[in-house]
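Data block for run-v2.cif (mmCIF, C-alpha atoms):
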data_upload
#
loop_
_atom_site.label_atom_id
_atom_site.label_comp_id
_atom_site.auth_asym_id
_atom_site.auth_seq_id
_atom_site.Cartn_x
_atom_site.Cartn_y
_atom_site.Cartn_z
CA MET A 1 142.11 104.03 63.31
CA ILE A 2 139.24 101.56 63.07
CA GLY A 3 140.20 98.36 64.83
CA GLY A 4 143.45 97.64 66.58
CA GLY A 5 145.84 96.31 63.96
CA LEU A 6 147.93 93.54 65.53
CA GLY A 7 150.95 93.80 63.26
CA ALA A 8 152.42 90.48 64.39
CA SER A 9 153.45 87.56 62.24
CA GLY A 10 153.84 83.88 63.02
CA ILE A 11 152.27 80.48 62.48
CA PHE A 12 148.55 80.12 63.21
CA ASN A 13 146.37 77.21 62.13
CA GLY A 14 149.36 75.83 60.25
CA ILE A 15 149.61 78.88 57.97
CA THR A 16 152.47 81.35 58.14
CA GLY A 17 151.83 84.99 57.36
CA ALA A 18 151.84 88.56 58.63
CA SER A 19 148.75 90.00 60.25
CA ASN A 20 148.83 93.18 58.18
CA THR A 21 150.11 92.85 54.66
CA THR A 22 148.09 95.31 52.57
CA THR A 23 147.16 98.95 52.96
CA ASN A 24 144.60 100.85 50.94
CA THR A 25 145.21 104.47 50.10
CA LYS A 26 142.06 104.72 48.00
CA SER A 27 138.56 103.34 47.77
CA VAL A 28 136.07 103.23 44.94
CA ILE A 29 133.43 105.91 45.19
CA ILE A 30 130.22 105.17 43.34
CA PRO A 31 128.25 108.42 43.09
CA ASN A 32 124.69 107.99 41.93
CA SER A 33 121.91 110.46 41.36
CA SER A 34 118.65 110.41 39.50
CA GLY A 35 119.27 109.15 35.98
CA ASN A 36 123.02 108.92 36.54
CA SER A 37 124.01 105.38 37.49
CA ARG A 38 127.67 104.59 38.05
CA TYR A 39 128.76 101.10 38.99
CA VAL A 40 131.40 98.39 38.60
CA THR A 41 130.59 95.24 36.66
CA VAL A 42 132.35 91.86 36.84
CA PRO A 43 131.69 89.19 34.17
CA ASP A 44 129.99 85.97 35.20
CA ASP A 45 132.20 83.22 36.55
CA ALA A 46 131.35 79.95 38.28
CA THR A 47 133.48 80.93 41.28
CA LEU A 48 131.03 83.77 42.02
CA SER A 49 127.91 81.56 42.14
CA PHE A 50 127.30 79.67 45.36
CA VAL A 51 125.46 76.68 43.92
CA THR A 52 126.29 72.99 44.45
CA GLY A 53 124.76 70.03 42.64
CA GLU A 54 121.34 70.70 41.19
CA ASP A 55 119.72 74.11 41.51
CA ASP A 56 117.07 74.32 44.21
CA ASP A 57 118.29 71.18 46.02
CA ASN A 58 118.23 72.69 49.54
CA LEU A 59 122.00 72.91 49.56
CA ASP A 60 124.11 75.84 48.44
CA ALA A 61 127.85 76.35 48.77
CA PRO A 62 128.73 77.92 52.14
CA PHE A 63 130.15 81.41 51.80
CA THR A 64 131.46 84.49 53.54
CA MET A 65 131.35 88.02 52.09
CA ALA A 66 132.95 91.11 53.61
CA CYS A 67 133.62 94.77 52.85
CA TRP A 68 134.45 98.17 54.26
CA VAL A 69 131.75 100.68 53.35
CA LYS A 70 131.24 104.39 53.91
CA ASP A 71 127.96 106.35 53.84
CA LEU A 72 125.79 103.26 53.96
CA TRP A 73 122.60 105.29 54.14
CA ALA A 74 123.68 108.14 51.89
CA GLY A 75 121.88 106.97 48.77
CA ALA A 76 118.73 108.52 47.39
CA GLY A 77 115.87 107.65 49.70
CA ASN A 78 118.35 106.14 52.14
CA ARG A 79 118.69 102.96 50.16
CA GLY A 80 121.26 101.38 47.91
CA THR A 81 122.64 98.10 46.59
CA LEU A 82 126.22 97.34 47.57
CA TRP A 83 126.36 94.44 45.12
CA SER A 84 124.11 92.02 43.29
CA LYS A 85 124.48 89.08 40.93
CA GLY A 86 121.86 87.73 38.60
CA ASN A 87 120.40 88.01 35.15
CA PRO A 88 120.77 91.64 34.06
CA SER A 89 118.35 91.22 31.18
CA ALA A 90 115.49 89.98 33.36
CA GLY A 91 115.25 92.67 36.02
CA SER A 92 115.48 92.59 39.79
CA GLY A 93 113.28 89.49 40.04
CA GLU A 94 116.04 87.29 38.61
CA LEU A 95 118.82 87.51 41.17
CA GLU A 96 121.18 85.02 42.72
CA TYR A 97 122.05 87.28 45.65
CA ARG A 98 122.22 90.91 46.70
CA ILE A 99 123.45 93.04 49.58
CA PHE A 100 121.05 95.91 50.03
CA ALA A 101 120.69 98.84 52.43
CA GLY A 102 117.29 100.42 52.87
CA GLU A 103 114.78 101.63 55.43
CA ASN A 104 117.60 101.82 57.98
CA ARG A 105 118.27 98.13 57.53
CA ILE A 106 121.04 96.13 55.92
CA TYR A 107 119.70 93.13 53.98
CA ILE A 108 121.17 90.07 52.35
CA ASP A 109 118.85 88.22 49.95
CA LEU A 110 119.43 84.83 48.34
CA GLN A 111 116.99 84.05 45.54
CA ALA A 112 115.60 80.67 44.49
CA PRO A 113 114.75 79.69 40.91
CA GLY A 114 111.60 81.37 39.66
CA GLY A 115 112.11 84.75 41.26
CA GLY A 116 108.83 84.80 43.15
CA SER A 117 108.36 87.05 46.16
CA GLY A 118 108.40 84.07 48.52
CA ASP A 119 111.35 82.32 46.93
CA TYR A 120 114.17 83.94 48.84
CA ASN A 121 116.17 83.61 52.03
CA ARG A 122 116.51 87.01 53.65
CA THR A 123 118.31 88.21 56.74
CA TYR A 124 118.38 91.82 57.81
CA TRP A 125 119.76 93.93 60.62
CA THR A 126 117.48 96.73 61.76
CA ALA A 127 118.72 100.09 62.98
CA GLY A 128 118.51 100.27 66.74
CA THR A 129 119.07 96.51 67.11
CA ASN A 130 122.45 95.56 68.51
CA SER A 131 123.43 99.24 68.28
CA PHE A 132 123.13 99.45 64.50
CA PRO A 133 122.67 103.22 64.06
CA ALA A 134 119.85 104.68 62.04
CA ASN A 135 122.10 107.09 60.13
CA GLU A 136 125.41 105.49 59.18
CA THR A 137 127.74 107.99 57.50
CA GLY A 138 131.21 106.81 58.56
CA TRP A 139 133.23 103.74 57.65
CA ILE A 140 132.01 100.37 58.91
CA HIS A 141 133.04 96.77 58.35
CA LEU A 142 130.37 94.28 57.25
CA VAL A 143 130.62 90.49 57.10
CA PHE A 144 127.94 88.05 55.91
CA THR A 145 128.15 84.27 56.45
CA TYR A 146 125.89 81.47 55.23
CA SER A 147 126.13 77.77 56.02
CA GLY A 148 124.76 76.69 52.64
CA VAL A 149 121.70 75.00 54.16
CA ALA A 150 118.66 76.61 52.56
CA GLY A 151 116.55 76.85 55.70
CA GLU A 152 119.21 78.49 57.84
CA ALA A 153 119.59 82.22 58.39
CA ILE A 154 122.57 84.26 57.26
CA LYS A 155 124.67 85.90 59.95
CA ILE A 156 125.50 89.59 59.67
CA TYR A 157 128.43 91.20 61.49
CA ARG A 158 128.90 94.94 61.84
CA ASP A 159 132.32 95.94 63.18
CA SER A 160 132.67 92.32 64.44
CA VAL A 161 129.39 92.40 66.41
CA THR A 162 127.05 89.66 65.24
CA TYR A 163 123.33 89.67 64.67
CA THR A 164 121.36 86.64 63.51
CA HIS A 165 117.81 87.23 62.37
CA ALA A 166 115.41 84.33 62.01
CA ALA A 167 115.47 83.11 58.42
CA ASN A 168 112.81 85.01 56.52
CA ALA A 169 112.44 82.57 53.66
CA GLY A 170 109.53 81.74 51.42
CA THR A 171 108.09 78.26 51.72
CA SER A 172 109.49 77.31 48.34
CA PHE A 173 113.07 78.50 48.93
CA GLY A 174 115.33 75.52 48.40
CA GLY A 175 118.59 77.05 47.26
CA MET A 176 119.98 79.43 44.70
CA GLU A 177 120.26 79.07 40.95
CA ASP A 178 123.28 79.95 38.80
CA LEU A 179 121.75 82.46 36.40
CA GLY A 180 124.91 83.15 34.47
CA GLY A 181 124.70 86.89 35.05
CA SER A 182 127.32 89.45 35.95
CA LEU A 183 128.23 90.66 39.43
CA GLN A 184 127.62 94.40 39.84
CA PHE A 185 128.91 96.65 42.61
CA GLY A 186 126.76 99.68 43.36
CA ARG A 187 123.64 98.74 41.43
CA LEU A 188 120.68 96.39 41.45
CA GLN A 189 120.70 94.35 38.26
CA SER A 190 119.39 96.16 35.17
CA THR A 191 117.93 99.16 36.97
CA THR A 192 119.13 102.51 38.26
CA ALA A 193 116.78 102.15 41.23
CA TYR A 194 118.39 101.28 44.55
CA SER A 195 121.84 102.39 43.38
CA PHE A 196 124.47 102.85 46.07
CA ASN A 197 125.99 106.26 46.71
CA GLY A 198 129.15 105.96 48.77
CA ASN A 199 132.56 104.29 49.10
CA LEU A 200 133.59 100.64 49.01
CA CYS A 201 136.92 98.95 49.54
CA GLN A 202 138.35 95.58 50.55
CA VAL A 203 135.44 93.54 49.23
CA VAL A 204 136.21 89.83 49.71
CA PHE A 205 134.24 86.69 48.77
CA TRP A 206 135.10 83.29 50.22
CA LYS A 207 133.49 80.06 48.93
CA ASP A 208 133.11 76.81 50.89
CA TRP A 209 134.22 78.63 54.05
CA VAL A 210 132.22 80.19 56.87
CA ALA A 211 134.06 82.74 59.00
CA SER A 212 133.88 82.22 62.76
CA GLN A 213 133.61 85.02 65.27
CA GLN A 214 137.37 84.71 65.74
CA ASP A 215 137.92 85.13 62.00
CA VAL A 216 135.64 88.17 61.87
CA ASP A 217 137.45 89.74 64.82
CA TYR A 218 140.75 89.25 63.01
CA LEU A 219 139.50 90.77 59.75
CA TYR A 220 137.96 93.76 61.50
CA ALA A 221 140.98 94.43 63.70
CA GLY A 222 143.04 95.23 60.61
CA GLY A 223 141.55 98.69 60.52
CA ALA A 224 143.24 100.99 58.05
CA LYS A 225 145.94 98.39 57.49
CA HIS A 226 143.58 95.87 55.97
CA ARG A 227 144.08 92.16 56.23
CA ASP A 228 145.40 90.40 53.19
CA PRO A 229 142.77 87.62 52.87
CA LEU A 230 145.26 85.39 51.05
CA GLN A 231 147.60 85.33 54.04
CA GLY A 232 146.58 83.30 57.07
CA ALA A 233 147.51 84.48 60.54
CA GLN A 234 146.06 85.24 63.97
CA ASN A 235 143.64 82.28 63.95
CA TYR A 236 142.33 83.14 60.48
CA GLY A 237 141.75 80.11 58.26
CA GLY A 238 140.17 81.50 55.10
CA ALA A 239 143.30 82.07 53.01
CA ASN A 240 142.69 79.10 50.70
CA TYR A 241 138.99 79.85 50.06
CA VAL A 242 139.08 83.35 48.56
CA VAL A 243 137.33 83.49 45.16
CA GLY A 244 137.19 87.27 44.79
CA TRP A 245 139.12 90.13 46.37
CA TRP A 246 138.57 93.69 45.21
CA PRO A 247 140.64 96.13 47.30
CA PHE A 248 139.50 98.99 45.00
CA ASP A 249 142.77 100.74 45.74
CA ALA A 250 144.69 101.43 42.53
CA ASP A 251 142.31 99.62 40.17
CA LEU A 252 139.05 97.67 39.89
CA ASN A 253 140.75 94.30 39.54
CA ASP A 254 140.28 91.05 41.42
CA HIS A 255 143.45 90.37 43.42
CA SER A 256 142.51 86.82 44.41
CA GLY A 257 144.18 85.33 41.34
CA ASN A 258 140.87 84.19 39.83
CA GLY A 259 140.73 86.98 37.26
CA ASN A 260 137.28 88.30 38.20
CA ASN A 261 138.25 91.85 37.24
CA GLY A 262 135.82 94.73 37.32
CA THR A 263 135.28 97.52 34.82
CA ALA A 264 133.62 100.90 35.20
CA ALA A 265 130.13 101.10 33.74
CA GLY A 266 127.35 103.62 33.41
CA SER A 267 128.68 107.16 33.66
CA GLY A 268 132.04 105.92 34.94
CA THR A 269 133.53 105.18 38.32
CA VAL A 270 136.26 107.15 40.04
CA LEU A 271 138.77 106.32 42.75
CA GLU A 272 139.22 108.63 45.69
CA SER A 273 141.81 108.85 48.48
CA ASP A 274 139.35 108.14 51.26
CA VAL A 275 139.87 105.03 53.37
CA PRO A 276 139.13 103.86 56.93
CA SER A 277 141.41 105.57 59.41
#
As structure tokens, the full file:
Amino acid sequence: MIGGGLGASGIFNGITGASNTTTNTKSVIIPNSSGNSRYVTVPDDATLSFVTGEDDDNLDAPFTMACWVKDLWAGAGNRGTLWSKGNPSAGSGELEYRIFAGENRIYIDLQAPGGGSGDYNRTYWTAGTNSFPANETGWIHLVFTYSGVAGEAIKIYRDSVTYTHAANAGTSFGGMEDLGGSLQFGRLQSTTAYSFNGNLCQVVFWKDWVASQQDVDYLYAGGAKHRDPLQGAQNYGGANYVVGWWPFDADLNDHSGNGNNGTAAGSGTVLESDVPS
């Protein structure tokens, strides 16, 4: 079992709830090969864009993103996009954000208006740093947190171990833009390049909330009995900030209550009984 799984219930941070309240028996597997792109697409919704006030105003909405992922480096050329949001008609240069694995690194990119090569905030975790292995083929837990301040780096957690890379941002990066595009799991917007080839489950987005180390420890410790992000317990305070929750267990739906449901696209997406254990 990955993580400990506390199994207790009680009142923590003023919220009552059980530590473990959901269990996946399946995950979504997104197999991709040359010319055969399978992915999950979610229609645009304001809850999935982390923009406040005017675009490019040096202030985004704080966020946390998390997932369990298997075979991180198993894609063609050892690269793959876990998810991306942007303008699918304009190509990879018009993105809001993406989570991307490549060159034995895990990246998170936030893109500013204009889509220029210097107009992004990037953080990445390199294999060999903080024990991030070069060839990741088992299940791991990833968490990404961002304060919303354009000049600050994003934190990346792997199995609750944190790594903060200096912000690698272009001089003109001043915040993201809401491009009105769909969210896609397993594919870079509008291209079959950099498609993910592996398993995903328990993908969670929180808006206006930044997970602490204590929160990340709690989420990771759920192991095979995943945490229900809508139930607060064990010092976890994010229950009221979930904007998207895709367990990818029995369906592709958003279980946060916001209706950001996914549908299979490309050559189709299948569910497989293969979860962290």
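Closest to Asn199 in chain A among A:Leu48, A:Ala239, A:Val28, A:Leu110 is A:Val28, based on all atoms listed in the file.
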task = Provide the CA of Tyr218 in chain A to CA of Gly244 in chain A distance in Å, to one decimal place.
result = 18.7 Å
task = For each of A:Glu177, A:Asp159, A:Asp60, A:Asp208, take the minimum atom-to-atom distance to Gln111 in chain A, counting all atoms listed in the file, then give the residue where this is smallest.
result = A:Glu177
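The shortest atom-to-atom distance to Thr162 in chain A, with all atoms listed in the file taken into account, belongs to A:Val143 out of A:Val143, A:Val204, A:Ala46, A:Met176.
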query = CA of Ser182 in chain A and CA of Asp45 in chain A are how many Å apart?
reply = 7.9 Å
Please reconstruct the missing atoms of range 185-217 of chain A (target: N, CA and C atoms) and return them as a short mmCIF file (atom, residue, chain, number, x, y, z; two decimals), in the coordinates of the input.
data_model
loop_
_atom_site.label_atom_id
_atom_site.label_comp_id
_atom_site.auth_asym_id
_atom_site.auth_seq_id
_atom_site.Cartn_x
_atom_site.Cartn_y
_atom_site.Cartn_z
N PHE A 185 128.73 95.89 41.38
CA PHE A 185 128.91 96.65 42.61
C PHE A 185 128.25 98.01 42.44
N GLY A 186 127.37 98.35 43.36
CA GLY A 186 126.76 99.68 43.36
C GLY A 186 125.43 99.77 42.68
N ARG A 187 124.89 98.66 42.18
CA ARG A 187 123.64 98.74 41.43
C ARG A 187 122.87 97.43 41.52
N LEU A 188 121.56 97.54 41.62
CA LEU A 188 120.68 96.39 41.45
C LEU A 188 120.64 96.05 39.98
N GLN A 189 120.61 94.77 39.65
CA GLN A 189 120.70 94.35 38.26
C GLN A 189 119.69 95.06 37.37
N SER A 190 120.16 95.61 36.29
CA SER A 190 119.39 96.16 35.17
C SER A 190 118.51 97.35 35.51
N THR A 191 118.75 98.01 36.62
CA THR A 191 117.93 99.16 36.97
C THR A 191 118.75 100.19 37.72
N THR A 192 118.44 101.46 37.52
CA THR A 192 119.13 102.51 38.26
C THR A 192 118.53 102.70 39.64
N ALA A 193 117.38 102.07 39.90
CA ALA A 193 116.78 102.15 41.23
C ALA A 193 117.67 101.43 42.24
N TYR A 194 117.65 101.90 43.45
CA TYR A 194 118.39 101.28 44.55
C TYR A 194 119.89 101.26 44.28
N SER A 195 120.41 102.29 43.61
CA SER A 195 121.84 102.39 43.38
C SER A 195 122.52 102.94 44.63
N PHE A 196 123.71 102.43 44.90
CA PHE A 196 124.47 102.85 46.07
C PHE A 196 125.18 104.17 45.80
N ASN A 197 125.31 104.97 46.82
CA ASN A 197 125.99 106.26 46.71
C ASN A 197 126.97 106.39 47.87
N GLY A 198 128.18 105.92 47.69
CA GLY A 198 129.15 105.96 48.77
C GLY A 198 130.45 105.29 48.36
N ASN A 199 131.24 104.87 49.35
CA ASN A 199 132.56 104.29 49.10
C ASN A 199 132.59 102.82 49.49
N LEU A 200 133.34 102.05 48.72
CA LEU A 200 133.59 100.64 49.01
C LEU A 200 135.07 100.35 48.88
N CYS A 201 135.57 99.48 49.73
CA CYS A 201 136.92 98.95 49.54
C CYS A 201 137.03 97.61 50.27
N GLN A 202 138.07 96.88 49.93
CA GLN A 202 138.35 95.58 50.55
C GLN A 202 137.13 94.66 50.55
N VAL A 203 136.53 94.50 49.38
CA VAL A 203 135.44 93.54 49.23
C VAL A 203 136.06 92.16 49.00
N VAL A 204 135.64 91.18 49.80
CA VAL A 204 136.21 89.83 49.71
C VAL A 204 135.07 88.81 49.71
N PHE A 205 135.15 87.83 48.80
CA PHE A 205 134.24 86.69 48.77
C PHE A 205 135.04 85.43 49.05
N TRP A 206 134.55 84.61 49.96
CA TRP A 206 135.10 83.29 50.22
C TRP A 206 134.03 82.25 49.89
N LYS A 207 134.43 81.13 49.28
CA LYS A 207 133.49 80.06 48.93
C LYS A 207 133.89 78.79 49.65
N ASP A 208 132.90 78.05 50.13
CA ASP A 208 133.11 76.81 50.89
C ASP A 208 133.82 77.08 52.21
N TRP A 209 133.61 78.26 52.76
CA TRP A 209 134.22 78.63 54.05
C TRP A 209 133.30 79.60 54.77
N VAL A 210 133.06 79.33 56.03
CA VAL A 210 132.22 80.19 56.87
C VAL A 210 133.09 80.77 57.98
N ALA A 211 133.23 82.08 58.00
CA ALA A 211 134.06 82.74 59.00
C ALA A 211 133.45 82.56 60.39
N SER A 212 134.30 82.28 61.36
CA SER A 212 133.88 82.22 62.76
C SER A 212 133.96 83.61 63.37
N GLN A 213 133.48 83.74 64.59
CA GLN A 213 133.61 85.02 65.27
C GLN A 213 135.08 85.42 65.39
N GLN A 214 135.93 84.45 65.63
CA GLN A 214 137.37 84.71 65.74
C GLN A 214 137.93 85.24 64.42
N ASP A 215 137.49 84.66 63.31
CA ASP A 215 137.92 85.13 62.00
C ASP A 215 137.46 86.56 61.74
N VAL A 216 136.19 86.83 62.08
CA VAL A 216 135.64 88.17 61.87
C VAL A 216 136.38 89.20 62.71
N ASP A 217 136.69 88.84 63.95
CA ASP A 217 137.45 89.74 64.82
C ASP A 217 138.80 90.07 64.19
#
